[in-house]
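Enquirer: Below you'll find the structure I mean.
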Amino acid sequence: PHPLRPHHEQMTPIWGPSQMRVTPADSGSWVNWLWAWENPRPTVPVVGIRLEPQSGGVILFGLSAGAASSHPLRWEPRKKAVVSLPPDLAFKGDLSPDGLLDQIQLDMGQIISAQLQDVYPDDWSNSYNNQLPQVAHNRILIEYTAHADAAFHLWDGSIVALADVQRQATQAIVPVAPSAQRVTLRVLDKATGQPVPVKLHVHGEAGEYLAPLDRHRIPNPAWFEDYAPEFIHLGLHACTYINGETRIDLPLGRVYIEVSKGFEIRPIRRTLEITAETQEITLEIERVLPWRSRGWATADTHVHFLSPMTALLEGSAEGVNVVNLLASQWGELMTNVGDFDGTNTWGSKETGGDGEYLLRVGTENRQHVLGHISLLGYKGHPIVPMTTGGPDESALGDPIDTLLTEWARQCHRQGGLVVLPHFPNPRAENAAAIVEGDIDAIEMTSWGHLYGGIDPYSLSDWYRYLNCGYLVPCVGGTDKMNAMTAVGTVRTYARLQPGEEISYDGWMQAVRRGNTFVTYGPLIEFQVGGQPMGSRISLNATGGTLDVTWQVASVTVPMSRVALVVNGEIRESVMVPADKASGSWSLSLESSAWVALLVRGHYAIQPEIVAAHSSPVMVTVGQTPFFAAADAITILDQIEGALAYLDTLGTRKDNTTYRRMRLVLQSAHRRIHNQLHAQGYYHEHTATQDHAEHHH
């Protein structure tokens with residue numbers, strides 16, 4: 001057997017076997033068996049060998065002789081070491097067809113893995129959660145298995161005996177303490193004393209990741225290649241999710257542990273000394289922010305590929321109360337479709353859960369130009385087709401037979417919640433669906449950017465709809481599709497009714513009310529005129545002054561500034577402490593406006609990000625409209641783009657279907673087009689939508 005690169009690192013991959021990262025010994029069309037025969041009288045020279053088959057024939061392919069301290073085919077357990085390269089020599093990580101590295105090889109064993117060494121900060125306890133290690137570009141952490149008599153063959157032709165490495169008699173290769181001490185690790189809730197799901201990272205003194213026995217030593221971050229409960233921050237900082245207790249093999253000496261659980265529990269980082277007497281490790285976590293007790297429920301609106309139970313574990317370990325696992329289609333690939341039942345909310349008391357952490361399977365329906373739409377929590381049969389229009393979302397030859405707007409209406413008829421994911425891309429039909437009133441929320445998305453912040457591009461496009469009076473709340477969803485993204489990296493906070501227990505239906509209602517904010521860590525309380533996010537307030541024609549009150553707090557991303565956003569512009573801004581702040585402003589309005597709160601923050605070594613944003617409060621002043629002509633024209637342009645695609649490139653199922661879909665888009669077009677005319681704004685059209693009134 002020899003190492004095998006995972007699927008995404010191969011030129012000619014074989015999906016499935018390559019996820020094993022090793023070739024089995026009996027692979028291939030021909031198998032050769034080896035036998036090591038010990039000379040019963042080693043002091044007597046062997047002068048000949050005769051084979052006498054008892055039956056059949058024997059084919060002998062090869063014969064060798066040698067002296068070994070023990071059975072030559074019996075290797076020792078895995079070990080690790082750090083190999084130092086010359087400063088001017090770059091590491092070559094590619095494997096040969098036989099699974100061999102170019103610069104480091106073993107003659108009676110195999111190098112299992114080799115990667116640049118991670119170097120974590122010396123002051124571990126005072127560094128921050130998920131902080132990335134530095135990479136030592138001339139030191140390679142290797143894992144290997146070999147015979148005791150093996151030797152390393154290095155890039156310069158030198159040979160280093162394994163025995164010398166283990167005696168620390170060489171500077172080129174330094175052994176890493178073996179992980180031989182089996183320990184039970186528990187994480188308890190300080191308030192209840194009960195085990196709780198958490199995200200866990202452990203590494204040793206050489207920066208080596210130490211995984212529980214039922215997790216990968218080397219997690220796979222690639223798309224649709226592995227779905228163990230793991231997270232790898234930007235491919236460097238590996239973590240896993242445990243259900244409060246796990247078994248793990250640790251080295252003697254210092255180990256470094258990181259435990260976290262969402263945005264209301266302070267992450268902990270410990271340096272522990274492991275001895276031969278260490279049998280158990282118990283850590284306690286504590287909730288220090290009260291948003292959950294105030295009725296706020298968290299959610300990730302957009303997760304893919306995980307099994308329902310794995311997604312539920314990861315959500316609960318990340319402090320996400322509601323995980324939306326979305327089935328879909330990718331060309332000819334169907335994912336999670338067998339998990340959709342249109343009935344059950346996993347984790348609810350009805351399904352045997354505690355009711356605090358829930359999972360629901362919905363669908364993400366997609367068209368690669370018109371857009372994507374998340375259909376959450378609906379009941380009954382799946383809304384199909386899940387994708388249309390051919391590659392790269394649907395199968396080759398699939399026609400467009402359903403619009404996003406039509407999917408949204410079907411979801412509403414089946415009692416569901418409709419979200420535009422990773423807003424605003426793809427964007428062609430987003431505009432029509434919002435203008436027609438069929439969208440319940442728009443989604444800010446992280447993908448793999450743990451501290452990337454809310455994308456200003458997403459905000460600017462959202463603002464244009466708010467400027468035109470479309471109150472569409474914001475939600476947070478990760479679009480998690482591999483281990484590079486953690487469930488709840490960016491998340492929704494939605495406020496339930498006073499005294500209401502968490503339920504999936506209650507969460508959907510909270511989102512529909514718009515009492516939500518999106519966050520990468522900071523938490524928000526925000527009111528305008530005593531009314532919460534998502535509210536509508538009416539003032540008379542003379543306008544008036546409203547009291548704006550806010551409170552923010554964070555135990556993860558340090559805060560730096562809080563800003564009041566009015567019609568897309570910063571009206572007020574104040575610097576705040578990293579952990580908590582509160583304040584108030586008086587807001588004078590003479591015309592209709594939407595009002596929201598924005599929180600900025602960052603770690604010392606990272607740039608400032610938009611770390612949290614509330615849904616708006618809409619304030620109507622007399623008869624003044626919510627209308628921004630430039631934004632309305634851009635919205636009109638997007639609808640015309642959808643019409644142009646449908647009229648030209650879109651594969652048609654039949655004329656009846658085409659005409660039905662075109663009428664839906666034309667309705668949205670006329671709605672905002674007539675509004676522009678009513679307000680007296682000149683606007684241009686694409687050639688297909690031109691009309692005579694523009695030529696007078």
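In the structure tokens, chains take letters A, B, ... by order of appearance, with residues numbered from 1 within each chain and ligands from 1 in the order shown.
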Set the distance at 6 Å and use only C-alpha atoms: which residues neighbour range 137-141 of chain A once local chain neighbours fewer than 4 positions away are removed? I'd like the list as a list in words.

Expert: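 The residues that qualify are Ala81, Val82, Val83, Ser84, Leu85, Ala114, Gln115, Leu116 and Gln117 of chain A.
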
Enquirer: For N, CA, C and O atoms, I'd like the residues from the last selection saved as a PDB file, in the first residue's frame.

Expert:
ATOM      1  N   ALA A  81       7.469  13.400  12.541  1.00  0.00           N
ATOM      2  CA  ALA A  81       8.762  14.065  12.685  1.00  0.00           C
ATOM      3  C   ALA A  81       8.714  15.363  11.892  1.00  0.00           C
ATOM      4  O   ALA A  81       7.869  15.545  11.004  1.00  0.00           O
ATOM      5  N   VAL A  82       9.640  16.261  12.207  1.00  0.00           N
ATOM      6  CA  VAL A  82       9.781  17.515  11.476  1.00  0.00           C
ATOM      7  C   VAL A  82      11.091  17.471  10.707  1.00  0.00           C
ATOM      8  O   VAL A  82      12.159  17.262  11.296  1.00  0.00           O
ATOM      9  N   VAL A  83      10.993  17.642   9.393  1.00  0.00           N
ATOM     10  CA  VAL A  83      12.159  17.629   8.509  1.00  0.00           C
ATOM     11  C   VAL A  83      12.487  19.068   8.135  1.00  0.00           C
ATOM     12  O   VAL A  83      11.620  19.810   7.664  1.00  0.00           O
ATOM     13  N   SER A  84      13.736  19.472   8.347  1.00  0.00           N
ATOM     14  CA  SER A  84      14.161  20.832   8.022  1.00  0.00           C
ATOM     15  C   SER A  84      14.849  20.855   6.664  1.00  0.00           C
ATOM     16  O   SER A  84      15.828  20.133   6.443  1.00  0.00           O
ATOM     17  N   LEU A  85      14.331  21.661   5.759  1.00  0.00           N
ATOM     18  CA  LEU A  85      14.937  21.850   4.448  1.00  0.00           C
ATOM     19  C   LEU A  85      15.906  23.019   4.486  1.00  0.00           C
ATOM     20  O   LEU A  85      15.766  23.926   5.321  1.00  0.00           O
ATOM     21  N   ALA A 114       2.872  14.572   4.262  1.00  0.00           N
ATOM     22  CA  ALA A 114       3.906  15.589   4.443  1.00  0.00           C
ATOM     23  C   ALA A 114       3.287  16.944   4.148  1.00  0.00           C
ATOM     24  O   ALA A 114       2.663  17.128   3.097  1.00  0.00           O
ATOM     25  N   GLN A 115       3.444  17.880   5.076  1.00  0.00           N
ATOM     26  CA  GLN A 115       2.868  19.210   4.881  1.00  0.00           C
ATOM     27  C   GLN A 115       3.717  20.231   5.609  1.00  0.00           C
ATOM     28  O   GLN A 115       4.420  19.897   6.576  1.00  0.00           O
ATOM     29  N   LEU A 116       3.676  21.441   5.133  1.00  0.00           N
ATOM     30  CA  LEU A 116       4.405  22.508   5.799  1.00  0.00           C
ATOM     31  C   LEU A 116       3.933  22.629   7.244  1.00  0.00           C
ATOM     32  O   LEU A 116       2.746  22.544   7.531  1.00  0.00           O
ATOM     33  N   GLN A 117       4.876  22.835   8.137  1.00  0.00           N
ATOM     34  CA  GLN A 117       4.562  22.840   9.564  1.00  0.00           C
ATOM     35  C   GLN A 117       3.777  24.092   9.953  1.00  0.00           C
ATOM     36  O   GLN A 117       4.118  25.213   9.562  1.00  0.00           O
TER      37      GLN A 117
END

Enquirer: May I have the residues within 12 Å of Phe423 in chain A as a ChimeraX atom specification, using only C-alpha atoms and disregarding those fewer than 3 positions away in the same chain?

Expert: /A:302,371-374,419-420,426-431,434,439,441-446,454-463,472,474-479

Enquirer: May I have all residues of range 253-380 of chain A that DSSP, computed from the backbone, assigns to strand (DSSP E), given as a PyMOL selection string?

Expert: chain A and resi 253-260+268-274+280-285+296-303+322-330+333-335+358-367+371-376

Enquirer: Closest to Thr634 in chain A among A:Val562, A:Ala432, A:Thr240, A:Trp346, using only C-alpha atoms?

Expert: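 When distances to Thr634 in chain A are compared using only C-alpha atoms, the smallest one comes from A:Ala432.
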
Enquirer: Using only C-alpha atoms, which residue out of A:Val44, A:Ile570, A:Leu665, A:Leu210 lies closest to Glu406 in chain A?

Expert: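 Between A:Val44, A:Ile570, A:Leu665, A:Leu210, the residue approaching Glu406 in chain A most closely is A:Leu665.
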
Enquirer: What gap, in Å, lies between CA of Trp223 in chain A and CA of Trp330 in chain A?

Expert: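 Rounded to one decimal, the two atoms are 12.1 Å apart.
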
Enquirer: Can you pull out every residue within 9 Å of Lys92 in chain A, counting only C-alpha atoms, but drop anything in the same chain fewer than 5 positions away, and send it as a PyMOL selection string?

Expert: chain A and resi 101-103

Enquirer: Take the residues from that selection and put them in a file with all heavy atoms, as a PDB file, in the first residue's frame.

Expert:
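Output below, filename result_7.pdb:
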ATOM      1  N   LEU A 101       7.338  10.805  -2.429  1.00  0.00           N
ATOM      2  CA  LEU A 101       7.797  12.182  -2.510  1.00  0.00           C
ATOM      3  C   LEU A 101       9.165  12.228  -3.173  1.00  0.00           C
ATOM      4  O   LEU A 101       9.919  11.248  -3.153  1.00  0.00           O
ATOM      5  CB  LEU A 101       7.885  12.790  -1.109  1.00  0.00           C
ATOM      6  CG  LEU A 101       6.559  13.038  -0.385  1.00  0.00           C
ATOM      7  CD1 LEU A 101       6.801  13.271   1.096  1.00  0.00           C
ATOM      8  CD2 LEU A 101       5.832  14.231  -0.996  1.00  0.00           C
ATOM      9  N   ASP A 102       9.473  13.368  -3.729  1.00  0.00           N
ATOM     10  CA  ASP A 102      10.764  13.516  -4.398  1.00  0.00           C
ATOM     11  C   ASP A 102      11.896  13.747  -3.403  1.00  0.00           C
ATOM     12  O   ASP A 102      13.016  13.272  -3.606  1.00  0.00           O
ATOM     13  CB  ASP A 102      10.692  14.679  -5.392  1.00  0.00           C
ATOM     14  CG  ASP A 102      12.003  14.909  -6.109  1.00  0.00           C
ATOM     15  OD1 ASP A 102      12.442  13.997  -6.840  1.00  0.00           O
ATOM     16  OD2 ASP A 102      12.595  15.996  -5.940  1.00  0.00           O
ATOM     17  N   GLN A 103      11.626  14.459  -2.308  1.00  0.00           N
ATOM     18  CA  GLN A 103      12.706  14.916  -1.437  1.00  0.00           C
ATOM     19  C   GLN A 103      12.897  14.071  -0.177  1.00  0.00           C
ATOM     20  O   GLN A 103      13.952  14.133   0.443  1.00  0.00           O
ATOM     21  CB  GLN A 103      12.431  16.375  -1.022  1.00  0.00           C
ATOM     22  CG  GLN A 103      12.424  17.330  -2.204  1.00  0.00           C
ATOM     23  CD  GLN A 103      11.750  18.638  -1.850  1.00  0.00           C
ATOM     24  OE1 GLN A 103      10.680  18.652  -1.238  1.00  0.00           O
ATOM     25  NE2 GLN A 103      12.360  19.743  -2.242  1.00  0.00           N
TER      26      GLN A 103
END

Enquirer: Can you pull out every residue within 8 Å of range 532-548 of chain A, counting only C-alpha atoms, but drop anything in the same chain fewer than 6 positions away, and send it as a ChimeraX atom specification?

Expert: /A:471,473,513-516,526,584-591,596,614-624

Enquirer: Using only N, CA, C and O atoms, please write the residues we just selected to a file, as a CSV table (one decimal), in the first residue's frame.

Expert:
chain,number,residue,atom,x,y,z
A,471,LEU,N,-39.5,46.4,1.9
A,471,LEU,CA,-39.0,45.9,3.1
A,471,LEU,C,-38.8,44.4,3.1
A,471,LEU,O,-39.6,43.6,3.3
A,473,PRO,N,-36.4,41.7,4.9
A,473,PRO,CA,-35.4,41.5,6.0
A,473,PRO,C,-34.1,40.9,5.5
A,473,PRO,O,-34.1,40.2,4.5
A,513,ARG,N,-41.6,38.7,10.2
A,513,ARG,CA,-41.8,40.0,10.8
A,513,ARG,C,-40.6,40.9,10.6
A,513,ARG,O,-40.8,42.1,10.8
A,514,GLY,N,-39.5,40.4,10.2
A,514,GLY,CA,-38.3,41.2,9.9
A,514,GLY,C,-37.5,41.6,11.2
A,514,GLY,O,-36.6,42.5,11.1
A,515,ASN,N,-37.8,41.0,12.3
A,515,ASN,CA,-37.1,41.4,13.5
A,515,ASN,C,-35.8,40.5,13.6
A,515,ASN,O,-35.7,39.6,14.3
A,516,THR,N,-34.9,40.9,12.7
A,516,THR,CA,-33.7,40.1,12.5
A,516,THR,C,-32.5,41.0,12.4
A,516,THR,O,-32.5,42.2,12.0
A,526,PHE,N,-31.9,46.9,18.8
A,526,PHE,CA,-32.0,48.2,18.1
A,526,PHE,C,-33.5,48.5,18.0
A,526,PHE,O,-34.3,47.7,17.6
A,584,SER,N,-27.8,56.1,22.2
A,584,SER,CA,-29.0,56.6,21.6
A,584,SER,C,-28.7,57.8,20.8
A,584,SER,O,-27.7,58.5,21.0
A,585,TRP,N,-29.6,58.0,19.8
A,585,TRP,CA,-29.6,59.2,19.0
A,585,TRP,C,-31.0,59.7,18.8
A,585,TRP,O,-32.0,59.0,18.9
A,586,SER,N,-31.1,61.0,18.5
A,586,SER,CA,-32.4,61.6,18.0
A,586,SER,C,-32.3,61.7,16.5
A,586,SER,O,-31.4,62.4,16.0
A,587,LEU,N,-33.3,61.2,15.9
A,587,LEU,CA,-33.4,61.2,14.4
A,587,LEU,C,-34.5,62.0,13.9
A,587,LEU,O,-35.7,61.7,14.2
A,588,SER,N,-34.2,63.1,13.2
A,588,SER,CA,-35.2,64.0,12.6
A,588,SER,C,-35.4,63.6,11.1
A,588,SER,O,-34.5,63.4,10.4
A,589,LEU,N,-36.7,63.4,10.8
A,589,LEU,CA,-37.0,63.0,9.4
A,589,LEU,C,-38.1,63.9,8.8
A,589,LEU,O,-39.1,64.3,9.5
A,590,GLU,N,-37.9,64.4,7.6
A,590,GLU,CA,-38.8,65.2,6.9
A,590,GLU,C,-39.5,64.5,5.7
A,590,GLU,O,-40.4,65.0,5.1
A,591,SER,N,-38.9,63.3,5.4
A,591,SER,CA,-39.5,62.5,4.3
A,591,SER,C,-39.3,61.0,4.7
A,591,SER,O,-38.5,60.7,5.6
A,596,ALA,N,-31.4,51.6,9.9
A,596,ALA,CA,-30.8,50.4,10.3
A,596,ALA,C,-29.6,50.6,11.1
A,596,ALA,O,-29.0,51.8,11.0
A,614,SER,N,-28.4,45.2,11.0
A,614,SER,CA,-29.8,44.9,11.4
A,614,SER,C,-30.7,45.0,10.2
A,614,SER,O,-30.4,45.7,9.2
A,615,SER,N,-31.9,44.4,10.2
A,615,SER,CA,-33.0,44.7,9.3
A,615,SER,C,-33.5,46.1,9.6
A,615,SER,O,-33.3,46.6,10.7
A,616,PRO,N,-34.1,46.8,8.7
A,616,PRO,CA,-34.5,48.2,8.9
A,616,PRO,C,-35.8,48.3,9.6
A,616,PRO,O,-36.6,47.4,9.7
A,617,VAL,N,-36.0,49.5,10.1
A,617,VAL,CA,-37.3,50.1,10.4
A,617,VAL,C,-37.7,51.0,9.3
A,617,VAL,O,-36.9,51.9,9.0
A,618,MET,N,-38.9,50.9,8.8
A,618,MET,CA,-39.4,51.7,7.7
A,618,MET,C,-40.3,52.8,8.3
A,618,MET,O,-41.3,52.6,9.0
A,619,VAL,N,-39.9,54.1,8.1
A,619,VAL,CA,-40.6,55.2,8.6
A,619,VAL,C,-41.3,56.0,7.4
A,619,VAL,O,-40.6,56.6,6.6
A,620,THR,N,-42.6,56.0,7.4
A,620,THR,CA,-43.3,56.7,6.3
A,620,THR,C,-43.7,58.1,6.8
A,620,THR,O,-44.3,58.2,7.9
A,621,VAL,N,-43.3,59.1,6.1
A,621,VAL,CA,-43.7,60.5,6.5
A,621,VAL,C,-44.7,61.0,5.5
A,621,VAL,O,-44.4,61.2,4.3
A,622,GLY,N,-45.9,61.2,5.9
A,622,GLY,CA,-47.0,61.7,5.1
A,622,GLY,C,-47.2,60.9,3.8
A,622,GLY,O,-47.2,59.7,3.9
A,623,GLN,N,-47.2,61.6,2.7
A,623,GLN,CA,-47.4,60.9,1.4
A,623,GLN,C,-46.1,60.8,0.6
A,623,GLN,O,-46.1,60.4,-0.5
A,624,THR,N,-45.0,61.2,1.3
A,624,THR,CA,-43.7,61.1,0.6
A,624,THR,C,-43.3,59.7,0.3
A,624,THR,O,-43.4,58.8,1.2

Enquirer: Of the candidates A:Pro308, A:Pro229, A:Pro175, A:Gly244, which one gets nearest to Gln194 in chain A if we count only C-alpha atoms?

Expert: A:Gly244

Enquirer: For Ile112 in chain A, which residue among A:Ala90, A:Leu466, A:Ala146, A:Leu649 is the nearest when counting only C-alpha atoms?

Expert: A:Ala146

Enquirer: Considering only C-alpha atoms, state which residue in the set A:Trp594, A:Phe626, A:Trp296, A:Tyr241 is at the smallest distance from Gly499 in chain A.

Expert: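 Among A:Trp594, A:Phe626, A:Trp296, A:Tyr241, it is A:Trp296 that comes nearest to Gly499 in chain A.
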
Enquirer: From the set A:Pro421, A:Pro267, A:Pro498, A:Pro178, which residue has the shortest atom-to-atom contact distance to Leu200 in chain A, counting only C-alpha atoms?

Expert: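 Looking at the shortest contact to Leu200 in chain A, the residue is A:Pro267.
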
Enquirer: For CA of Glu230 in chain A and CA of Glu280 in chain A, quote the distance in Å rounded to one decimal.

Expert: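 CA of Glu280 in chain A lies at a distance of 22.5 Å from CA of Glu230 in chain A.
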